[in-house]
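Chemist: The following block contains the structure, expressed as structure tokens.
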Number of protein chains: 2
Amino acid sequence: MAAATTRRRVTANGELQENGGGAGQRPTNGTRRRPSAAGSGGSTPLWRVAVFASVALNVATLALLLHHYAISHPWRQSPAPAVASPPPDACVLSGKSEARQEEVTKDRASAAMSPSTGKPTVRTDSVINLDHGDPTVFEAFWRETGALAEIVIPGWQTMSYFSDVGNVCWFLEPEFGRQVRRLHRTVRNAAAGDEYHVVVGTGSTQLFMAALYALSPSGSGDPISIVSTAPYYSSYPAVTDFLRSGLFRWAGDANSFKGDEYIELVCSPNNPDGALRDAVLRSEAGKTVHDLAYYWPQYTPITAEAAHDIMLFTVSKSTGHAGTRIGWALVKDREVAKRMTKFVELNTIGVSKDSQMRAAKVLSAVSDGYDMGSGSRHRHRLFDFGRRKMVERWAMLRAAAAASGIFSLPEETSGHCSFSNDTAANNPAFAWLRCDREDVEDCAGFLRGHKILTRSGSQFGADPRYVRVSMLDRDDAYGIFVTRLASLK
Amino acid sequence: MAAATTRRRVTANGELQENGGGAGQRPTNGTRRRPSAAGSGGSTPLWRVAVFASVALNVATLALLLHHYAISHPWRQSPAPAVASPPPDACVLSGKSEARQEEVTKDRASAAMSPSTGKPTVRTDSVINLDHGDPTVFEAFWRETGALAEIVIPGWQTMSYFSDVGNVCWFLEPEFGRQVRRLHRTVRNAAAGDEYHVVVGTGSTQLFMAALYALSPSGSGDPISIVSTAPYYSSYPAVTDFLRSGLFRWAGDANSFKGDEYIELVCSPNNPDGALRDAVLRSEAGKTVHDLAYYWPQYTPITAEAAHDIMLFTVSKSTGHAGTRIGWALVKDREVAKRMTKFVELNTIGVSKDSQMRAAKVLSAVSDGYDMGSGSRHRHRLFDFGRRKMVERWAMLRAAAAASGIFSLPEETSGHCSFSNDTAANNPAFAWLRCDREDVEDCAGFLRGHKILTRSGSQFGADPRYVRVSMLDRDDAYGIFVTRLASLK
């Protein structure tokens, strides 16, 4: 799945300055040539007119986009909102009179007590926190699906530790396992037939640790080296090392690793830079874990059905349900699946069944949206919504970077998506943003000064001129972010 | 909270043979004198009559108890049962017509998909698995409460990673925190005012690890020693050591520990033997973690409001919702609470909000049952149900052990319970059963031969003549267990 990643600097006059490879080249983050200041050559009146026109065009485009955005996606958060009017095919309320629906809705809102609403609502002068990949962009979609993705949990349900005593993963809710396999059959992004075991985890972070535990040699020798190509997800070193385990130890960038025994983490599309990746090490004794959290059609074209030994997924990024803390691993080897299960048993004695049932319901609603046989009049299609949203946001961000003139972004790549059967762009869940101003060596610090919180490149084993910016926040926060970014000079 | 634990052997002729201390003495498991075979002295006709009468009386008592049990608690598990007819004061369905209630009930059952039902239903010749403390005894109670403990989760709810950005524990659902404090105010088993931080975990096992992480020295020195008085919960050594952490290491029985720096785990009432415990080590540099999972009125009299530095609780044992995987810690020191929070962040990026909301609803229903101001006509009182059940089961077990003649159990202790304002017995969630037959050195193996699965004393740092038996399984499994136990000679 290796693909080209070039970086394109959009200068204030709209010129493109490229850096990095063509097809098949690795990302070259942090090594690219600094562009010379735009138009430092002969300054003619014509040049001035061109620059002015270009800036005006960029700003106008951005304003237009933001206007459209605000009109079409008004922010609808309220402290504890009632169920948004469910569609006629809602499975719980189907066929009931409108008055009764209202009554039930009210009753349910009271039964739901007071759930949290995530980060506080923002105003134009607020600190905008895009440090975490909080996927609240998807809330709008799930409000529209109404009762299709709603669950009811009676007080006596799933009280036991056990879900499926005969299964390798004895705490896996069978319904969740079924919906995982069904969704992969629908999207064809990963093989999930009987040759794979499904292991459920409290988010994919727990499964990441479970995989390290399962793949580490069981003897009393030195800890095995954990590596990943830089820039790598900042949690990998942190989670690997925080308990100072004698089983495994962080060993940094896979490209500079020497040795035969290792576990290579392959995140594709990659967090933080969205690059599509393959393993770079090829030792017989080496092992790989594929983190495919972002390998879904809203972020990237589905170019092949992945079929690796261990593949990690999470509802946080596939459907946006981060608060539900559910991830899953598709695992080929039965013994590895058993050891991963053992890890989760020792760590948390299984995984919340409430969340598994909720995730099952949500995944089911996603598959239903693309199931031609389901006969529903109302189509709620998550990946269509998600891709539309991501395309929109990336356009806004590129326009903002161009208007500002001091930032550059990875070049857009595209490919044929077998799921949507068309050519689709790579629209990563994070922007890997570089500040090109000569005097800014710490981009995160610079943005913090403008009340924009991002994660520094240094946390990803990369240059601190880079930052990772979440593209998945709510419309209001994202809108304020791009407006503010565009104003930075 | 130290209390007497003596062991009483009920011989076949009903005589008591005691071993171990009076008030204030420590448990003396594994050191007690073997009783001589009953009646090995002169064999007179009168003696034979007495033995016969005694055995007959025991068996009759057991039969009577089992009969009463079967009548009053018929087993009601069905593969995916609909909501049991909700009481008139059900908060979701209040004031609706009966016909409508039925409709809604049906709709909800379909919305709930197919949740698991725990371990399979048993028959009289089944293997009975009492190895785990699977708290399904409480299902019957929660079926009776109907919609009072039911929750509805709309598809768009709690999608964010964040619950309460201003709180030390940023992923704690405020409603769950409120209900935790309210329940402790109701039961008065632990101080939970503003001087304590609530840290939520994926079960209390995760919080146990979090506490070790938080209390370990942050330098690069040797791992700190983790100790607990034997017999100790079998998970303590397993969970402490499975990642071979450089921060902490299992060091065994607290009573034989030499040194100043340690973390002592104090489980009270103790898993496996139900003894009430205090810390045994007293070094200034030492730290303690109090595991109070079983310090609830159904298991033990509430004799004082505990107010230790770190206290761990879980819904698995307090309300029986093991599948929900929710525990909480009450933590005095802000920095320790922050480090525990950091552990959970690195381990699982927070805790399922679905489960937190469900647990909040369940805890709220428990408190409501004892809230004189709530004005509800229907009283669903968990601790009354739980105590009744535990008293019943302990009576059955003691009768079965007496009928068998080859087992002994810890002596029953009692105390004044400030919650119920009466004298109450200690009715532990596990039976610490000893097989007294000379030729049985491995009690777990012996019972396994009779299709009863228990956990060997050797896993608790104790004599393998002991086993831990869960007292919290469903009525049918428990009934078959005691019947089978009574028949062993």
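Just so we're on the same page: first chain in the structure tokens is A, next is B, and so on; residues restart at 1 for each chain, and ligands are numbered from 1 in the order they show up.
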Leaving out Ile326 (chain B) and any residue of its chain fewer than 4 positions from it, which residues lie within 6 Å of it when counting only C-alpha atoms, given as a VMD selection string?
Modeler: chain B and resid 201 to 203 315
Chemist: Write the residues you've just listed into a file as a PDB file, in the first residue's frame, and include all heavy atoms for each of them.
Modeler:
ATOM      1  N   GLY B 201     -12.328   3.606  36.513  1.00  0.00           N
ATOM      2  CA  GLY B 201     -11.485   2.647  35.786  1.00  0.00           C
ATOM      3  C   GLY B 201     -12.310   1.577  35.093  1.00  0.00           C
ATOM      4  O   GLY B 201     -13.496   1.411  35.384  1.00  0.00           O
ATOM      5  N   THR B 202     -11.666   0.872  34.164  1.00  0.00           N
ATOM      6  CA  THR B 202     -12.303  -0.251  33.481  1.00  0.00           C
ATOM      7  C   THR B 202     -12.258  -1.443  34.435  1.00  0.00           C
ATOM      8  O   THR B 202     -11.406  -2.317  34.328  1.00  0.00           O
ATOM      9  CB  THR B 202     -11.558  -0.553  32.161  1.00  0.00           C
ATOM     10  OG1 THR B 202     -11.410   0.665  31.430  1.00  0.00           O
ATOM     11  CG2 THR B 202     -12.323  -1.554  31.309  1.00  0.00           C
ATOM     12  N   GLY B 203     -13.169  -1.434  35.401  1.00  0.00           N
ATOM     13  CA  GLY B 203     -13.130  -2.391  36.496  1.00  0.00           C
ATOM     14  C   GLY B 203     -12.071  -1.954  37.507  1.00  0.00           C
ATOM     15  O   GLY B 203     -11.248  -1.073  37.229  1.00  0.00           O
ATOM     16  N   VAL B 315     -18.465  -2.015  40.508  1.00  0.00           N
ATOM     17  CA  VAL B 315     -19.868  -2.421  40.399  1.00  0.00           C
ATOM     18  C   VAL B 315     -19.997  -3.937  40.285  1.00  0.00           C
ATOM     19  O   VAL B 315     -21.052  -4.487  40.576  1.00  0.00           O
ATOM     20  CB  VAL B 315     -20.617  -1.740  39.219  1.00  0.00           C
ATOM     21  CG1 VAL B 315     -20.811  -0.254  39.477  1.00  0.00           C
ATOM     22  CG2 VAL B 315     -19.966  -1.997  37.885  1.00  0.00           C
TER      23      VAL B 315
END
Chemist: Excluding same-chain residues fewer than 4 positions from Arg434 (chain A), what lies within 7 Å of it counting only C-alpha atoms, as an MDAnalysis selection string?
Modeler: chainID A and resid 407:409 465:467
Chemist: For the structure I just gave you, how does DSSP split region 173-258 of chain B - specifically, which residues are helix (DSSP H, G or I)? Reply as an MDAnalysis selection string.
Modeler: chainID B and resid 174:187 203:215 235:241 254:256
Chemist: Write out the residues from the selection above, keeping N, CA and C atoms, as an mmCIF file, in the first residue's frame.
Modeler:
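Wrote it out as out-v1.cif, contents follow:
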data_model
loop_
_atom_site.group_PDB
_atom_site.id
_atom_site.type_symbol
_atom_site.label_atom_id
_atom_site.label_comp_id
_atom_site.auth_asym_id
_atom_site.auth_seq_id
_atom_site.Cartn_x
_atom_site.Cartn_y
_atom_site.Cartn_z
ATOM 1 N N PRO B 174 -19.460 13.134 34.894
ATOM 2 C CA PRO B 174 -19.846 13.800 36.154
ATOM 3 C C PRO B 174 -21.007 13.097 36.858
ATOM 4 N N GLU B 175 -21.955 12.586 36.095
ATOM 5 C CA GLU B 175 -23.101 11.902 36.697
ATOM 6 C C GLU B 175 -22.658 10.653 37.460
ATOM 7 N N PHE B 176 -21.694 9.941 36.900
ATOM 8 C CA PHE B 176 -21.185 8.757 37.594
ATOM 9 C C PHE B 176 -20.489 9.168 38.900
ATOM 10 N N GLY B 177 -19.690 10.207 38.830
ATOM 11 C CA GLY B 177 -19.020 10.708 40.032
ATOM 12 C C GLY B 177 -20.026 11.088 41.119
ATOM 13 N N ARG B 178 -21.094 11.762 40.701
ATOM 14 C CA ARG B 178 -22.132 12.163 41.668
ATOM 15 C C ARG B 178 -22.791 10.947 42.317
ATOM 16 N N GLN B 179 -23.105 9.951 41.508
ATOM 17 C CA GLN B 179 -23.796 8.772 42.047
ATOM 18 C C GLN B 179 -22.891 7.933 42.949
ATOM 19 N N VAL B 180 -21.598 7.930 42.650
ATOM 20 C CA VAL B 180 -20.636 7.246 43.530
ATOM 21 C C VAL B 180 -20.642 7.910 44.909
ATOM 22 N N ARG B 181 -20.527 9.223 44.922
ATOM 23 C CA ARG B 181 -20.495 9.928 46.214
ATOM 24 C C ARG B 181 -21.823 9.767 46.966
ATOM 25 N N ARG B 182 -22.920 9.803 46.204
ATOM 26 C CA ARG B 182 -24.231 9.666 46.837
ATOM 27 C C ARG B 182 -24.393 8.283 47.482
ATOM 28 N N LEU B 183 -23.946 7.234 46.773
ATOM 29 C CA LEU B 183 -24.095 5.886 47.324
ATOM 30 C C LEU B 183 -23.264 5.719 48.600
ATOM 31 N N HIS B 184 -22.056 6.265 48.599
ATOM 32 C CA HIS B 184 -21.241 6.174 49.824
ATOM 33 C C HIS B 184 -21.873 6.974 50.972
ATOM 34 N N ARG B 185 -22.504 8.096 50.642
ATOM 35 C CA ARG B 185 -23.225 8.843 51.684
ATOM 36 C C ARG B 185 -24.380 8.011 52.230
ATOM 37 N N THR B 186 -25.019 7.252 51.351
ATOM 38 C CA THR B 186 -26.160 6.418 51.748
ATOM 39 C C THR B 186 -25.710 5.256 52.636
ATOM 40 N N VAL B 187 -24.655 4.567 52.222
ATOM 41 C CA VAL B 187 -24.215 3.349 52.921
ATOM 42 C C VAL B 187 -23.256 3.666 54.073
ATOM 43 N N GLY B 203 -13.169 -1.434 35.401
ATOM 44 C CA GLY B 203 -13.130 -2.391 36.496
ATOM 45 C C GLY B 203 -12.071 -1.954 37.507
ATOM 46 N N SER B 204 -12.093 -2.573 38.691
ATOM 47 C CA SER B 204 -11.111 -2.136 39.687
ATOM 48 C C SER B 204 -9.739 -2.735 39.421
ATOM 49 N N THR B 205 -9.655 -3.746 38.552
ATOM 50 C CA THR B 205 -8.337 -4.304 38.215
ATOM 51 C C THR B 205 -7.467 -3.249 37.541
ATOM 52 N N GLN B 206 -8.060 -2.492 36.620
ATOM 53 C CA GLN B 206 -7.288 -1.436 35.971
ATOM 54 C C GLN B 206 -6.840 -0.386 36.998
ATOM 55 N N LEU B 207 -7.704 -0.111 37.972
ATOM 56 C CA LEU B 207 -7.354 0.885 38.991
ATOM 57 C C LEU B 207 -6.286 0.354 39.947
ATOM 58 N N PHE B 208 -6.284 -0.948 40.144
ATOM 59 C CA PHE B 208 -5.233 -1.577 40.932
ATOM 60 C C PHE B 208 -3.880 -1.322 40.259
ATOM 61 N N MET B 209 -3.804 -1.578 38.946
ATOM 62 C CA MET B 209 -2.568 -1.295 38.207
ATOM 63 C C MET B 209 -2.249 0.205 38.249
ATOM 64 N N ALA B 210 -3.287 1.011 38.101
ATOM 65 C CA ALA B 210 -3.094 2.466 38.117
ATOM 66 C C ALA B 210 -2.499 2.920 39.448
ATOM 67 N N ALA B 211 -2.968 2.307 40.537
ATOM 68 C CA ALA B 211 -2.458 2.672 41.863
ATOM 69 C C ALA B 211 -0.991 2.274 42.003
ATOM 70 N N LEU B 212 -0.632 1.072 41.527
ATOM 71 C CA LEU B 212 0.781 0.664 41.581
ATOM 72 C C LEU B 212 1.639 1.657 40.798
ATOM 73 N N TYR B 213 1.163 2.016 39.603
ATOM 74 C CA TYR B 213 1.891 2.980 38.755
ATOM 75 C C TYR B 213 2.047 4.321 39.468
ATOM 76 N N ALA B 214 0.956 4.763 40.098
ATOM 77 C CA ALA B 214 0.963 6.087 40.725
ATOM 78 C C ALA B 214 1.851 6.133 41.962
ATOM 79 N N LEU B 215 1.947 5.014 42.673
ATOM 80 C CA LEU B 215 2.689 5.001 43.940
ATOM 81 C C LEU B 215 4.144 4.562 43.776
ATOM 82 N N SER B 235 -5.228 -12.599 41.757
ATOM 83 C CA SER B 235 -4.894 -11.654 40.691
ATOM 84 C C SER B 235 -3.756 -10.715 41.069
ATOM 85 N N TYR B 236 -3.563 -10.468 42.359
ATOM 86 C CA TYR B 236 -2.530 -9.497 42.750
ATOM 87 C C TYR B 236 -1.154 -9.860 42.173
ATOM 88 N N PRO B 237 -0.650 -11.073 42.452
ATOM 89 C CA PRO B 237 0.667 -11.385 41.853
ATOM 90 C C PRO B 237 0.610 -11.437 40.322
ATOM 91 N N ALA B 238 -0.469 -11.990 39.772
ATOM 92 C CA ALA B 238 -0.550 -12.143 38.312
ATOM 93 C C ALA B 238 -0.546 -10.789 37.611
ATOM 94 N N VAL B 239 -1.379 -9.868 38.096
ATOM 95 C CA VAL B 239 -1.502 -8.563 37.455
ATOM 96 C C VAL B 239 -0.242 -7.719 37.685
ATOM 97 N N THR B 240 0.358 -7.870 38.860
ATOM 98 C CA THR B 240 1.568 -7.099 39.162
ATOM 99 C C THR B 240 2.714 -7.478 38.222
ATOM 100 N N ASP B 241 2.818 -8.765 37.925
ATOM 101 C CA ASP B 241 4.031 -9.247 37.248
ATOM 102 C C ASP B 241 3.912 -9.563 35.767
ATOM 103 N N ALA B 254 2.763 -10.232 53.014
ATOM 104 C CA ALA B 254 3.182 -9.040 53.770
ATOM 105 C C ALA B 254 3.790 -9.421 55.111
ATOM 106 N N ASN B 255 3.319 -10.532 55.709
ATOM 107 C CA ASN B 255 3.793 -10.910 57.042
ATOM 108 C C ASN B 255 5.256 -11.315 57.062
ATOM 109 N N SER B 256 5.768 -11.757 55.924
ATOM 110 C CA SER B 256 7.176 -12.163 55.917
ATOM 111 C C SER B 256 8.059 -11.148 55.195
#
Chemist: Using only C-alpha atoms, which residues sit within 7 Å of Glu305 (chain B) once same-chain residues fewer than 5 positions away are excluded, as a ChimeraX atom specification?
Modeler: /B:188-191
Chemist: Name the residues in contact with region 336-345 of chain B at a cut-off of 7 Å, using only C-alpha atoms, excluding same-chain residues fewer than 2 positions from it; report them as a PyMOL selection string.
Modeler: chain B and resi 168-169+197+199+210-211+213-214+331+333-334+347-350
Chemist: So how many Å separate CA of His450 (chain B) and CA of Ile128 (chain B), to one decimal?
Modeler: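 Computing the Euclidean distance for CA of His450 (chain B) and CA of Ile128 (chain B) yields 9.3 Å.
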Chemist: Could you give me the residues within region 218-416 of chain A that DSSP places in strand (DSSP E or B), as a count of residues only?
Modeler: 41
